[in-house]
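Worksheet: the structure to be examined is printed underneath.
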Amino acid sequence: MIHKPARRIEAIEPSIFATMSRLAIEHAAVNLGQGFPDFDGPSWIVEAFAGALRSEKNQYAPMHGTARLRKAVAAYQQKFYGLEWNAETEITVTAGATEALFSSMLALLDEGDEVILFEPFYDSYYANALIAGATPVCVTLHAPSFRIDEAALNAAITGRTRMIVFNNPHNPTGRVFSQDEMNVVAACARRHNLLVLSDEVYEFLTFDGKHHTSFASLPGMRTRTVSISSTGKTFGMTGWKIGFAMATGNLTNAIRTVHQFATFAVNTPAQHAMAHGLEKLHDYLPDFRILYQQKRDMLLRGLEDSILKPITPEGTYFMMVQLPSDVGDDVQCATRLVTERQVAVIPPSVFYRRSTEGQRMLRLCFAKKEETLLAGIARLQFH
Ligand code: PMP
Ligand code: GLN
């Protein structure tokens, strides 16, 4: 007899990132799909990890994270955003932002609650809402501006709405939402007494002199926002999976209740190394920003004569490109690109539930070495 999986996971598809990376390996393709750098983060952080390994930092960390890392998180949040998080009672270290999102949604959503997702959405929000027994309700950010539509947001709110998931800078569109757009989300949360899950993993990846505003720093948002970030993007070490959730004490207690039985504690030497990274953040960031701005600009320039029309990202390491009408939809196009032209990209229609706009775009990742970007650009010059 075949044992069926639980009903609450029936609608959850395999991750598109894993699927496209598998196809990239199978077809020896240049991988501009899944978001990760194809180069290492700084060697001084690797040394810090090695140092932690050698100095017996190898047993369980405290359940909510090492004191050093929580203090480093509190310090950078204060310095960059003026936010005061209590390192003991309001910061929880998790296995990447992925676990922070999972534990927060499991901790704060009841069956039947509705969760607002702006689509295109990062795929784990949708799956997490379903696993929590909640109902995701999508509000479309229409291409090519991907602006937050106040009327559409308000129309999506019902008596059952409990949470808005807000991701800024935004994957996959590359938007850095304006102060006005953030105020629209904040006003909606205040009016309907909603929680906000604010995913800020790309907080330091902003371009053209733009700077990130943390959602919790908006008026009235500190006590209703769970701020989530991780060090994977900032230090170019996505495999280390060090993330954190910051929230007022009662929300943090709930998140820790799930966290303690999801992972309990997170990789100890990696926490020490990432604490070291965050302590040096101020000196590290200028070169980091220049590096990624150069990569974005290289991809933009490389696509100037392509039939793919890029939508300039203001942040993240992703770029949406629009497809001409005669090349099939995004899935057909992404499949052809990986099998026939050996370049992997992400078909974004999987990030939508209401709109079909995703079928007319592809997502490219530019967190890649110059030679990878050049090879990818050459393979994207198709007709
Ligand atoms: N949120 C967004 C918007 C992401 O793009 C990612 C992808 N890495 C994550 C969360 C997950 O972050 P982590 O790797 O720290 O789990
Ligand atoms: N965040 C990465 C992306 O958007 C993927 C992370 C993952 O594979 N889960 O491509």
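Ligands are numbered from 1 in the order shown, chains are lettered A, B, ... in the order of the structure tokens, and residues start at 1 in each chain.
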Give me every strand (DSSP E or B) residue in range 30-102 of chain A, going by DSSP on the backbone, as a PyMOL selection string. chain A and resi 30-31+91-95
Restricting it to C-alpha atoms, dump the selection as a JSON list (two decimals), in the first residue's frame.
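After the write, part31.json holds the following:
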```json
[["chain", "number", "residue", "atom", "x", "y", "z"],
["A", 30, "VAL", "CA", 25.92, 28.55, -17.54],
["A", 31, "ASN", "CA", 23.74, 29.00, -14.43],
["A", 91, "ILE", "CA", 16.64, 38.48, 18.21],
["A", 92, "THR", "CA", 16.64, 34.79, 17.23],
["A", 93, "VAL", "CA", 19.32, 33.21, 15.06],
["A", 94, "THR", "CA", 17.90, 30.73, 12.55],
["A", 95, "ALA", "CA", 19.07, 28.36, 9.80]]
```
Could you pull out all residues of range 197-357 of chain A with a DSSP call of alpha helix (DSSP H) and give them as an MDAnalysis selection string? chainID A and resid 249:262 268:279 281:302 330:340
With only C-alpha atoms as the counted atoms, please give the residues lying no more than 10 Å from Thr19 in chain A, apart from itself and same-chain residues fewer than 3 positions off, as a PyMOL selection string. chain A and resi 14-16+22-24+33-34+346
Please, could you write that set of residues out with C-alpha atoms as a compact mmCIF listing (two decimals), in the first residue's frame?
```
# COMPACT_ATOMS: atom_id res chain seq x y z
CA PRO A 14 9.25 21.14 -6.07
CA SER A 15 11.34 24.32 -5.86
CA ILE A 16 12.04 25.88 -9.26
CA ARG A 22 19.70 20.33 -11.68
CA LEU A 23 18.99 21.02 -15.37
CA ALA A 24 21.97 23.39 -15.50
CA GLY A 33 19.04 30.75 -12.54
CA GLN A 34 19.22 29.99 -8.81
CA ILE A 346 14.23 31.09 -13.89
```
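Shortest atom-to-atom contact with ligand 1 among A:Ser214, A:Thr89, A:Asn193, A:Ser124: A:Ser124, counting only C-alpha atoms and all ligand atoms.
The spacing separating CA of Cys188 in chain A from CA of Leu153 in chain A amounts to 8.1 Å.
The shell of residues at most 6 Å from Gly96 in chain A, with only C-alpha atoms counted and near chain neighbours (fewer than 5 positions) removed, consists of Ser230, Lys241, Ile242 and Gly243 of chain A.
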Neighbour list for Phe80 in chain A as an mmCIF file with N, CA, C and O atoms, in the first residue's frame, cut-off 9 Å, only C-alpha atoms, skip fewer than 2 positions in-chain:
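Written file, result25.cif:
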```cif
data_model
loop_
_atom_site.group_PDB
_atom_site.id
_atom_site.type_symbol
_atom_site.label_atom_id
_atom_site.label_comp_id
_atom_site.auth_asym_id
_atom_site.auth_seq_id
_atom_site.Cartn_x
_atom_site.Cartn_y
_atom_site.Cartn_z
ATOM 1 N N ALA A 75 23.649 45.652 16.887
ATOM 2 C CA ALA A 75 24.484 46.834 16.638
ATOM 3 C C ALA A 75 24.305 47.349 15.208
ATOM 4 O O ALA A 75 24.166 48.557 14.981
ATOM 5 N N TYR A 76 24.245 46.444 14.217
ATOM 6 C CA TYR A 76 24.110 46.960 12.847
ATOM 7 C C TYR A 76 22.699 47.492 12.592
ATOM 8 O O TYR A 76 22.505 48.471 11.860
ATOM 9 N N GLN A 77 21.701 46.883 13.225
ATOM 10 C CA GLN A 77 20.330 47.382 13.063
ATOM 11 C C GLN A 77 20.204 48.801 13.656
ATOM 12 O O GLN A 77 19.498 49.646 13.121
ATOM 13 N N GLN A 78 20.916 49.026 14.754
ATOM 14 C CA GLN A 78 20.892 50.351 15.380
ATOM 15 C C GLN A 78 21.603 51.356 14.480
ATOM 16 O O GLN A 78 21.098 52.427 14.182
ATOM 17 N N GLY A 82 18.545 52.776 12.978
ATOM 18 C CA GLY A 82 18.100 53.418 14.214
ATOM 19 C C GLY A 82 17.159 52.530 15.018
ATOM 20 O O GLY A 82 16.434 53.030 15.889
ATOM 21 N N LEU A 83 17.144 51.233 14.734
ATOM 22 C CA LEU A 83 16.250 50.320 15.463
ATOM 23 C C LEU A 83 16.968 49.751 16.686
ATOM 24 O O LEU A 83 18.119 49.317 16.588
ATOM 25 N N HIS A 212 18.499 51.222 1.779
ATOM 26 C CA HIS A 212 17.370 50.451 2.301
ATOM 27 C C HIS A 212 16.795 51.107 3.558
ATOM 28 O O HIS A 212 17.532 51.603 4.399
ATOM 29 N N THR A 213 15.476 51.072 3.667
ATOM 30 C CA THR A 213 14.801 51.462 4.912
ATOM 31 C C THR A 213 14.198 50.206 5.509
ATOM 32 O O THR A 213 13.482 49.475 4.813
ATOM 33 N N SER A 214 14.485 49.960 6.774
ATOM 34 C CA SER A 214 13.908 48.776 7.399
ATOM 35 C C SER A 214 12.440 49.049 7.743
ATOM 36 O O SER A 214 12.110 50.096 8.316
#
```
Let me see if you get this right: every residue at most 10 Å from ligand 1, counting only C-alpha atoms and all ligand atoms, written as an mmCIF file with N, CA, C and O atoms, in the first residue's frame.
```
data_model
loop_
_atom_site.group_PDB
_atom_site.id
_atom_site.type_symbol
_atom_site.label_atom_id
_atom_site.label_comp_id
_atom_site.auth_asym_id
_atom_site.auth_seq_id
_atom_site.Cartn_x
_atom_site.Cartn_y
_atom_site.Cartn_z
ATOM 1 N N PHE A 17 14.089 26.555 -8.094
ATOM 2 C CA PHE A 17 15.538 26.838 -8.041
ATOM 3 C C PHE A 17 16.326 25.530 -8.123
ATOM 4 O O PHE A 17 17.313 25.417 -8.845
ATOM 5 N N GLN A 34 19.275 29.908 -10.279
ATOM 6 C CA GLN A 34 19.221 29.986 -8.814
ATOM 7 C C GLN A 34 20.127 31.109 -8.302
ATOM 8 O O GLN A 34 21.243 31.289 -8.794
ATOM 9 N N GLY A 35 19.641 31.828 -7.283
ATOM 10 C CA GLY A 35 20.381 32.988 -6.780
ATOM 11 C C GLY A 35 21.478 32.599 -5.808
ATOM 12 O O GLY A 35 21.222 32.358 -4.639
ATOM 13 N N PHE A 36 22.693 32.525 -6.324
ATOM 14 C CA PHE A 36 23.860 32.358 -5.446
ATOM 15 C C PHE A 36 25.079 32.813 -6.230
ATOM 16 O O PHE A 36 25.116 32.688 -7.461
ATOM 17 N N THR A 94 18.583 31.855 13.192
ATOM 18 C CA THR A 94 17.897 30.727 12.547
ATOM 19 C C THR A 94 18.775 30.136 11.438
ATOM 20 O O THR A 94 19.775 30.735 11.049
ATOM 21 N N ALA A 95 18.346 28.985 10.922
ATOM 22 C CA ALA A 95 19.068 28.357 9.800
ATOM 23 C C ALA A 95 18.689 29.079 8.509
ATOM 24 O O ALA A 95 17.816 28.656 7.759
ATOM 25 N N GLY A 96 19.312 30.211 8.283
ATOM 26 C CA GLY A 96 18.998 31.049 7.116
ATOM 27 C C GLY A 96 17.694 31.804 7.322
ATOM 28 O O GLY A 96 16.937 31.535 8.270
ATOM 29 N N ALA A 97 17.448 32.737 6.398
ATOM 30 C CA ALA A 97 16.160 33.441 6.429
ATOM 31 C C ALA A 97 15.034 32.441 6.186
ATOM 32 O O ALA A 97 13.917 32.614 6.670
ATOM 33 N N THR A 98 15.334 31.371 5.463
ATOM 34 C CA THR A 98 14.311 30.360 5.158
ATOM 35 C C THR A 98 13.668 29.823 6.435
ATOM 36 O O THR A 98 12.452 29.744 6.543
ATOM 37 N N GLU A 99 14.506 29.493 7.415
ATOM 38 C CA GLU A 99 13.932 28.972 8.667
ATOM 39 C C GLU A 99 13.251 30.080 9.461
ATOM 40 O O GLU A 99 12.237 29.840 10.131
ATOM 41 N N ALA A 100 13.788 31.302 9.383
ATOM 42 C CA ALA A 100 13.144 32.427 10.087
ATOM 43 C C ALA A 100 11.732 32.634 9.545
ATOM 44 O O ALA A 100 10.776 32.845 10.309
ATOM 45 N N LEU A 101 11.589 32.557 8.224
ATOM 46 C CA LEU A 101 10.259 32.723 7.604
ATOM 47 C C LEU A 101 9.341 31.582 8.021
ATOM 48 O O LEU A 101 8.188 31.793 8.413
ATOM 49 N N PHE A 102 9.864 30.373 7.963
ATOM 50 C CA PHE A 102 9.083 29.180 8.307
ATOM 51 C C PHE A 102 8.624 29.238 9.763
ATOM 52 O O PHE A 102 7.434 29.105 10.065
ATOM 53 N N PHE A 121 6.049 36.446 -5.944
ATOM 54 C CA PHE A 121 6.520 36.286 -4.569
ATOM 55 C C PHE A 121 7.671 35.297 -4.523
ATOM 56 O O PHE A 121 7.806 34.438 -5.409
ATOM 57 N N TYR A 122 8.485 35.405 -3.482
ATOM 58 C CA TYR A 122 9.518 34.395 -3.224
ATOM 59 C C TYR A 122 8.800 33.117 -2.800
ATOM 60 O O TYR A 122 7.947 33.140 -1.912
ATOM 61 N N ASP A 123 9.135 32.007 -3.421
ATOM 62 C CA ASP A 123 8.273 30.819 -3.352
ATOM 63 C C ASP A 123 8.010 30.275 -1.953
ATOM 64 O O ASP A 123 6.970 29.703 -1.679
ATOM 65 N N SER A 124 8.948 30.467 -1.015
ATOM 66 C CA SER A 124 8.747 29.837 0.290
ATOM 67 C C SER A 124 7.583 30.466 1.063
ATOM 68 O O SER A 124 6.981 29.807 1.901
ATOM 69 N N TYR A 125 7.228 31.734 0.774
ATOM 70 C CA TYR A 125 6.106 32.339 1.520
ATOM 71 C C TYR A 125 4.819 31.552 1.274
ATOM 72 O O TYR A 125 4.032 31.319 2.188
ATOM 73 N N PHE A 166 6.065 41.293 3.284
ATOM 74 C CA PHE A 166 6.635 42.403 2.513
ATOM 75 C C PHE A 166 8.110 42.103 2.308
ATOM 76 O O PHE A 166 8.850 41.921 3.272
ATOM 77 N N ASN A 167 8.526 42.030 1.058
ATOM 78 C CA ASN A 167 9.927 41.704 0.754
ATOM 79 C C ASN A 167 10.553 42.906 0.051
ATOM 80 O O ASN A 167 10.107 43.296 -1.018
ATOM 81 N N ASN A 168 11.571 43.487 0.675
ATOM 82 C CA ASN A 168 12.202 44.687 0.135
ATOM 83 C C ASN A 168 13.667 44.690 0.544
ATOM 84 O O ASN A 168 13.949 44.537 1.723
ATOM 85 N N PRO A 169 14.608 44.879 -0.413
ATOM 86 C CA PRO A 169 14.500 44.832 -1.871
ATOM 87 C C PRO A 169 13.875 43.519 -2.330
ATOM 88 O O PRO A 169 14.049 42.490 -1.682
ATOM 89 N N HIS A 170 13.182 43.594 -3.459
ATOM 90 C CA HIS A 170 12.244 42.547 -3.829
ATOM 91 C C HIS A 170 12.793 41.550 -4.855
ATOM 92 O O HIS A 170 13.223 41.926 -5.941
ATOM 93 N N ASN A 171 12.752 40.278 -4.457
ATOM 94 C CA ASN A 171 13.048 39.164 -5.346
ATOM 95 C C ASN A 171 11.710 38.646 -5.874
ATOM 96 O O ASN A 171 10.837 38.325 -5.067
ATOM 97 N N PRO A 172 11.462 38.522 -7.159
ATOM 98 C CA PRO A 172 12.416 38.586 -8.268
ATOM 99 C C PRO A 172 12.472 39.907 -9.039
ATOM 100 O O PRO A 172 13.228 39.988 -9.999
ATOM 101 N N SER A 198 8.602 41.033 7.348
ATOM 102 C CA SER A 198 9.402 41.862 6.444
ATOM 103 C C SER A 198 10.709 41.154 6.108
ATOM 104 O O SER A 198 11.609 41.061 6.940
ATOM 105 N N ASP A 199 10.793 40.650 4.878
ATOM 106 C CA ASP A 199 11.962 39.890 4.436
ATOM 107 C C ASP A 199 12.953 40.864 3.796
ATOM 108 O O ASP A 199 12.704 41.402 2.708
ATOM 109 N N GLU A 200 14.084 41.078 4.484
ATOM 110 C CA GLU A 200 15.034 42.111 4.053
ATOM 111 C C GLU A 200 16.403 41.512 3.722
ATOM 112 O O GLU A 200 17.435 42.139 3.931
ATOM 113 N N VAL A 201 16.404 40.287 3.194
ATOM 114 C CA VAL A 201 17.695 39.615 2.991
ATOM 115 C C VAL A 201 18.616 40.352 2.008
ATOM 116 O O VAL A 201 19.825 40.183 2.054
ATOM 117 N N TYR A 202 18.023 41.177 1.123
ATOM 118 C CA TYR A 202 18.867 41.934 0.160
ATOM 119 C C TYR A 202 19.096 43.367 0.634
ATOM 120 O O TYR A 202 19.302 44.270 -0.181
ATOM 121 N N ILE A 228 13.210 40.086 9.059
ATOM 122 C CA ILE A 228 14.012 38.889 8.784
ATOM 123 C C ILE A 228 15.151 39.248 7.843
ATOM 124 O O ILE A 228 14.961 39.974 6.865
ATOM 125 N N SER A 229 16.335 38.768 8.184
ATOM 126 C CA SER A 229 17.434 38.923 7.242
ATOM 127 C C SER A 229 18.369 37.732 7.400
ATOM 128 O O SER A 229 18.111 36.821 8.190
ATOM 129 N N SER A 230 19.437 37.742 6.605
ATOM 130 C CA SER A 230 20.433 36.687 6.751
ATOM 131 C C SER A 230 21.749 37.208 6.205
ATOM 132 O O SER A 230 21.795 38.263 5.570
ATOM 133 N N THR A 231 22.821 36.485 6.488
ATOM 134 C CA THR A 231 24.135 36.965 6.063
ATOM 135 C C THR A 231 24.564 36.352 4.730
ATOM 136 O O THR A 231 25.613 36.703 4.201
ATOM 137 N N GLY A 232 23.744 35.456 4.192
ATOM 138 C CA GLY A 232 24.107 34.724 2.976
ATOM 139 C C GLY A 232 24.396 35.627 1.787
ATOM 140 O O GLY A 232 25.374 35.429 1.059
ATOM 141 N N LYS A 233 23.530 36.615 1.555
ATOM 142 C CA LYS A 233 23.713 37.514 0.395
ATOM 143 C C LYS A 233 24.785 38.544 0.706
ATOM 144 O O LYS A 233 25.637 38.854 -0.123
ATOM 145 N N THR A 234 24.719 39.109 1.923
ATOM 146 C CA THR A 234 25.618 40.214 2.267
ATOM 147 C C THR A 234 27.081 39.787 2.207
ATOM 148 O O THR A 234 27.935 40.559 1.766
ATOM 149 N N MET A 237 27.939 34.069 1.044
ATOM 150 C CA MET A 237 28.142 32.693 1.540
ATOM 151 C C MET A 237 26.758 32.076 1.748
ATOM 152 O O MET A 237 26.335 31.854 2.896
ATOM 153 N N THR A 238 26.060 31.798 0.655
ATOM 154 C CA THR A 238 24.671 31.348 0.821
ATOM 155 C C THR A 238 24.592 29.969 1.472
ATOM 156 O O THR A 238 23.577 29.614 2.056
ATOM 157 N N GLY A 239 25.687 29.197 1.384
ATOM 158 C CA GLY A 239 25.671 27.842 1.940
ATOM 159 C C GLY A 239 25.820 27.784 3.457
ATOM 160 O O GLY A 239 25.624 26.731 4.046
ATOM 161 N N TRP A 240 26.141 28.908 4.074
ATOM 162 C CA TRP A 240 26.333 28.868 5.527
ATOM 163 C C TRP A 240 25.018 28.926 6.290
ATOM 164 O O TRP A 240 24.948 28.519 7.453
ATOM 165 N N LYS A 241 23.992 29.506 5.668
ATOM 166 C CA LYS A 241 22.633 29.497 6.225
ATOM 167 C C LYS A 241 22.555 30.076 7.642
ATOM 168 O O LYS A 241 22.108 29.411 8.585
ATOM 169 N N ILE A 242 23.015 31.300 7.778
ATOM 170 C CA ILE A 242 22.843 31.992 9.061
ATOM 171 C C ILE A 242 21.843 33.132 8.848
ATOM 172 O O ILE A 242 22.113 34.078 8.108
ATOM 173 N N GLY A 243 20.699 33.008 9.484
ATOM 174 C CA GLY A 243 19.671 34.037 9.360
ATOM 175 C C GLY A 243 19.214 34.481 10.731
ATOM 176 O O GLY A 243 19.684 33.969 11.759
ATOM 177 N N PHE A 244 18.313 35.474 10.754
ATOM 178 C CA PHE A 244 17.793 35.913 12.052
ATOM 179 C C PHE A 244 16.428 36.552 11.905
ATOM 180 O O PHE A 244 16.093 37.093 10.842
ATOM 181 N N THR A 316 18.746 43.895 -5.126
ATOM 182 C CA THR A 316 18.896 42.424 -5.222
ATOM 183 C C THR A 316 19.964 42.060 -6.249
ATOM 184 O O THR A 316 20.592 42.946 -6.827
ATOM 185 N N TYR A 317 20.141 40.740 -6.510
ATOM 186 C CA TYR A 317 21.032 40.388 -7.618
ATOM 187 C C TYR A 317 20.279 39.682 -8.734
ATOM 188 O O TYR A 317 20.814 38.831 -9.407
ATOM 189 N N PHE A 318 19.025 40.141 -8.924
ATOM 190 C CA PHE A 318 18.196 39.570 -9.985
ATOM 191 C C PHE A 318 17.743 40.643 -10.969
ATOM 192 O O PHE A 318 17.603 41.812 -10.595
#
```
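Note that CA of Lys79 in chain A and CA of Phe204 in chain A are 13.3 Å apart.
Across the structure, CA of Leu373 in chain A and CA of Ser306 in chain A are spaced 14.3 Å apart.
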Would you list the contacts of range 329-337 of chain A as a ChimeraX atom specification, taking every protein, DNA or RNA residue within 12 Å and counting only C-alpha atoms, but skipping same-chain residues closer than 4 positions in sequence? /A:16,19-20,23-24,27-33,308,320-325,341-351,356-364,376-383
Restricting the output to N, CA and C atoms, write the selected residues as a short mmCIF file (atom, residue, chain, number, x, y, z; two decimals), in the first residue's frame.
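result09.cif, written as the output of this step:
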```
data_model
loop_
_atom_site.label_atom_id
_atom_site.label_comp_id
_atom_site.auth_asym_id
_atom_site.auth_seq_id
_atom_site.Cartn_x
_atom_site.Cartn_y
_atom_site.Cartn_z
N ILE A 16 11.55 25.59 -7.90
CA ILE A 16 12.04 25.88 -9.26
C ILE A 16 13.56 26.09 -9.25
N THR A 19 15.15 22.73 -9.35
CA THR A 19 14.89 22.13 -10.66
C THR A 19 15.82 22.73 -11.71
N MET A 20 15.94 24.05 -11.74
CA MET A 20 16.76 24.69 -12.78
C MET A 20 18.25 24.43 -12.54
N LEU A 23 18.92 21.00 -13.90
CA LEU A 23 18.99 21.02 -15.37
C LEU A 23 20.29 21.67 -15.84
N ALA A 24 20.73 22.70 -15.11
CA ALA A 24 21.97 23.39 -15.50
C ALA A 24 23.14 22.40 -15.45
N HIS A 27 22.89 19.75 -18.31
CA HIS A 27 23.18 20.25 -19.67
C HIS A 27 24.48 21.07 -19.72
N ALA A 28 25.27 20.98 -18.67
CA ALA A 28 26.53 21.75 -18.58
C ALA A 28 26.28 23.20 -18.96
N ALA A 29 25.22 23.77 -18.38
CA ALA A 29 24.82 25.13 -18.76
C ALA A 29 25.44 26.18 -17.84
N VAL A 30 25.57 27.40 -18.37
CA VAL A 30 25.92 28.55 -17.54
C VAL A 30 24.70 28.81 -16.65
N ASN A 31 24.90 28.92 -15.33
CA ASN A 31 23.74 29.00 -14.43
C ASN A 31 23.45 30.44 -14.00
N LEU A 32 22.49 31.07 -14.69
CA LEU A 32 22.01 32.40 -14.27
C LEU A 32 20.63 32.24 -13.63
N GLY A 33 20.35 31.04 -13.11
CA GLY A 33 19.04 30.75 -12.54
C GLY A 33 19.01 30.98 -11.04
N LEU A 308 15.69 40.17 -25.54
CA LEU A 308 15.18 40.21 -24.16
C LEU A 308 15.30 41.65 -23.66
N MET A 320 14.73 41.07 -14.08
CA MET A 320 13.66 40.52 -14.91
C MET A 320 13.87 41.03 -16.32
N VAL A 321 13.66 40.15 -17.31
CA VAL A 321 13.72 40.57 -18.72
C VAL A 321 12.40 40.19 -19.37
N GLN A 322 11.93 41.05 -20.27
CA GLN A 322 10.66 40.77 -20.93
C GLN A 322 10.90 40.03 -22.24
N LEU A 323 10.01 39.07 -22.51
CA LEU A 323 10.15 38.24 -23.72
C LEU A 323 9.36 38.84 -24.87
N PRO A 324 9.89 38.72 -26.09
CA PRO A 324 9.07 39.11 -27.24
C PRO A 324 7.90 38.14 -27.39
N SER A 325 6.89 38.52 -28.16
CA SER A 325 5.65 37.72 -28.17
C SER A 325 5.78 36.41 -28.96
N ARG A 341 20.66 26.02 -25.56
CA ARG A 341 21.69 27.06 -25.57
C ARG A 341 22.57 27.02 -24.32
N GLN A 342 22.33 26.05 -23.47
CA GLN A 342 23.15 25.85 -22.27
C GLN A 342 23.25 27.12 -21.41
N VAL A 343 22.11 27.72 -21.15
CA VAL A 343 22.08 28.80 -20.15
C VAL A 343 20.80 28.63 -19.33
N ALA A 344 20.99 28.54 -18.01
CA ALA A 344 19.83 28.33 -17.12
C ALA A 344 19.33 29.67 -16.59
N VAL A 345 18.00 29.85 -16.63
CA VAL A 345 17.34 31.06 -16.09
C VAL A 345 16.12 30.57 -15.32
N ILE A 346 15.42 31.49 -14.65
CA ILE A 346 14.23 31.09 -13.89
C ILE A 346 12.96 31.58 -14.62
N PRO A 347 12.02 30.67 -14.88
CA PRO A 347 10.73 31.10 -15.44
C PRO A 347 9.85 31.62 -14.30
N PRO A 348 9.52 32.91 -14.28
CA PRO A 348 8.88 33.47 -13.08
C PRO A 348 7.40 33.21 -12.93
N SER A 349 6.74 32.54 -13.89
CA SER A 349 5.30 32.33 -13.72
C SER A 349 4.99 31.53 -12.45
N VAL A 350 5.99 30.75 -11.94
CA VAL A 350 5.75 29.99 -10.70
C VAL A 350 5.59 30.91 -9.49
N PHE A 351 5.97 32.19 -9.65
CA PHE A 351 5.87 33.13 -8.51
C PHE A 351 4.54 33.90 -8.53
N THR A 356 -1.06 36.34 -15.22
CA THR A 356 -0.28 35.51 -16.14
C THR A 356 0.95 36.27 -16.66
N GLU A 357 1.19 37.47 -16.12
CA GLU A 357 2.30 38.29 -16.62
C GLU A 357 3.65 37.59 -16.57
N GLY A 358 3.80 36.70 -15.60
CA GLY A 358 5.08 36.00 -15.44
C GLY A 358 5.47 35.19 -16.67
N GLN A 359 4.47 34.80 -17.44
CA GLN A 359 4.76 34.00 -18.65
C GLN A 359 5.52 34.79 -19.71
N ARG A 360 5.54 36.11 -19.57
CA ARG A 360 6.18 36.96 -20.57
C ARG A 360 7.54 37.50 -20.08
N MET A 361 8.09 36.86 -19.04
CA MET A 361 9.37 37.34 -18.49
C MET A 361 10.27 36.16 -18.13
N LEU A 362 11.53 36.47 -17.90
CA LEU A 362 12.48 35.52 -17.31
C LEU A 362 13.22 36.24 -16.20
N ARG A 363 13.70 35.48 -15.19
CA ARG A 363 14.55 36.09 -14.16
C ARG A 363 15.98 35.62 -14.35
N LEU A 364 16.90 36.58 -14.37
CA LEU A 364 18.33 36.26 -14.49
C LEU A 364 19.02 36.66 -13.20
N GLY A 376 27.06 33.82 -20.29
CA GLY A 376 25.59 33.84 -20.24
C GLY A 376 25.02 34.82 -21.24
N ILE A 377 25.61 36.01 -21.30
CA ILE A 377 25.12 37.04 -22.23
C ILE A 377 25.21 36.53 -23.67
N ALA A 378 26.34 35.89 -24.01
CA ALA A 378 26.51 35.39 -25.38
C ALA A 378 25.42 34.36 -25.70
N ARG A 379 25.08 33.52 -24.74
CA ARG A 379 24.09 32.47 -25.00
C ARG A 379 22.66 33.02 -25.01
N LEU A 380 22.49 34.21 -24.46
CA LEU A 380 21.15 34.80 -24.45
C LEU A 380 20.86 35.61 -25.72
N GLN A 381 21.83 35.71 -26.62
CA GLN A 381 21.60 36.44 -27.88
C GLN A 381 20.93 35.48 -28.87
N PHE A 382 19.69 35.09 -28.59
CA PHE A 382 19.02 34.13 -29.48
C PHE A 382 17.90 34.81 -30.25
N HIS A 383 17.42 34.13 -31.30
CA HIS A 383 16.38 34.73 -32.14
C HIS A 383 15.22 33.75 -32.33
#
```
Do a neighbour search on His259 in chain A at 6 Å with only C-alpha atoms, toss out local chain neighbours closer than 4 positions, and write the hits as a PDB file with N, CA, C and O atoms, in the first residue's frame.
```pdb
ATOM      1  N   SER A 103       9.577  29.477  10.671  1.00  0.00           N
ATOM      2  CA  SER A 103       9.222  29.477  12.103  1.00  0.00           C
ATOM      3  C   SER A 103       8.255  30.613  12.412  1.00  0.00           C
ATOM      4  O   SER A 103       7.342  30.453  13.225  1.00  0.00           O
ATOM      5  N   THR A 263      14.829  23.471  14.509  1.00  0.00           N
ATOM      6  CA  THR A 263      16.283  23.245  14.397  1.00  0.00           C
ATOM      7  C   THR A 263      16.971  23.217  15.760  1.00  0.00           C
ATOM      8  O   THR A 263      18.087  22.758  15.869  1.00  0.00           O
ATOM      9  N   PHE A 264      16.349  23.835  16.759  1.00  0.00           N
ATOM     10  CA  PHE A 264      16.880  24.090  18.100  1.00  0.00           C
ATOM     11  C   PHE A 264      18.020  25.096  18.061  1.00  0.00           C
ATOM     12  O   PHE A 264      17.910  26.194  18.553  1.00  0.00           O
TER      13      PHE A 264
END
```
Nearest to Asp110 in chain A: which of A:Gln294, A:Thr161, A:Cys138, A:Asn154 is it, counting only C-alpha atoms? A:Thr161
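Take the candidates A:Met274, A:Ala156, A:Ala127, A:Leu194 and check each one against ligand 2 using only C-alpha atoms and all ligand atoms; the shortest distance goes to A:Ala127.
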Given only C-alpha atoms and all ligand atoms as the basis, pick out the residue of A:Pro42, A:Pro144, A:Pro219, A:Gly174 nearest to ligand 2. A:Gly174
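Of the listed residues (A:Met182, A:Leu106, A:Met319, A:Ala11), A:Met319 comes nearest to ligand 2; the distances count only C-alpha atoms and all ligand atoms.
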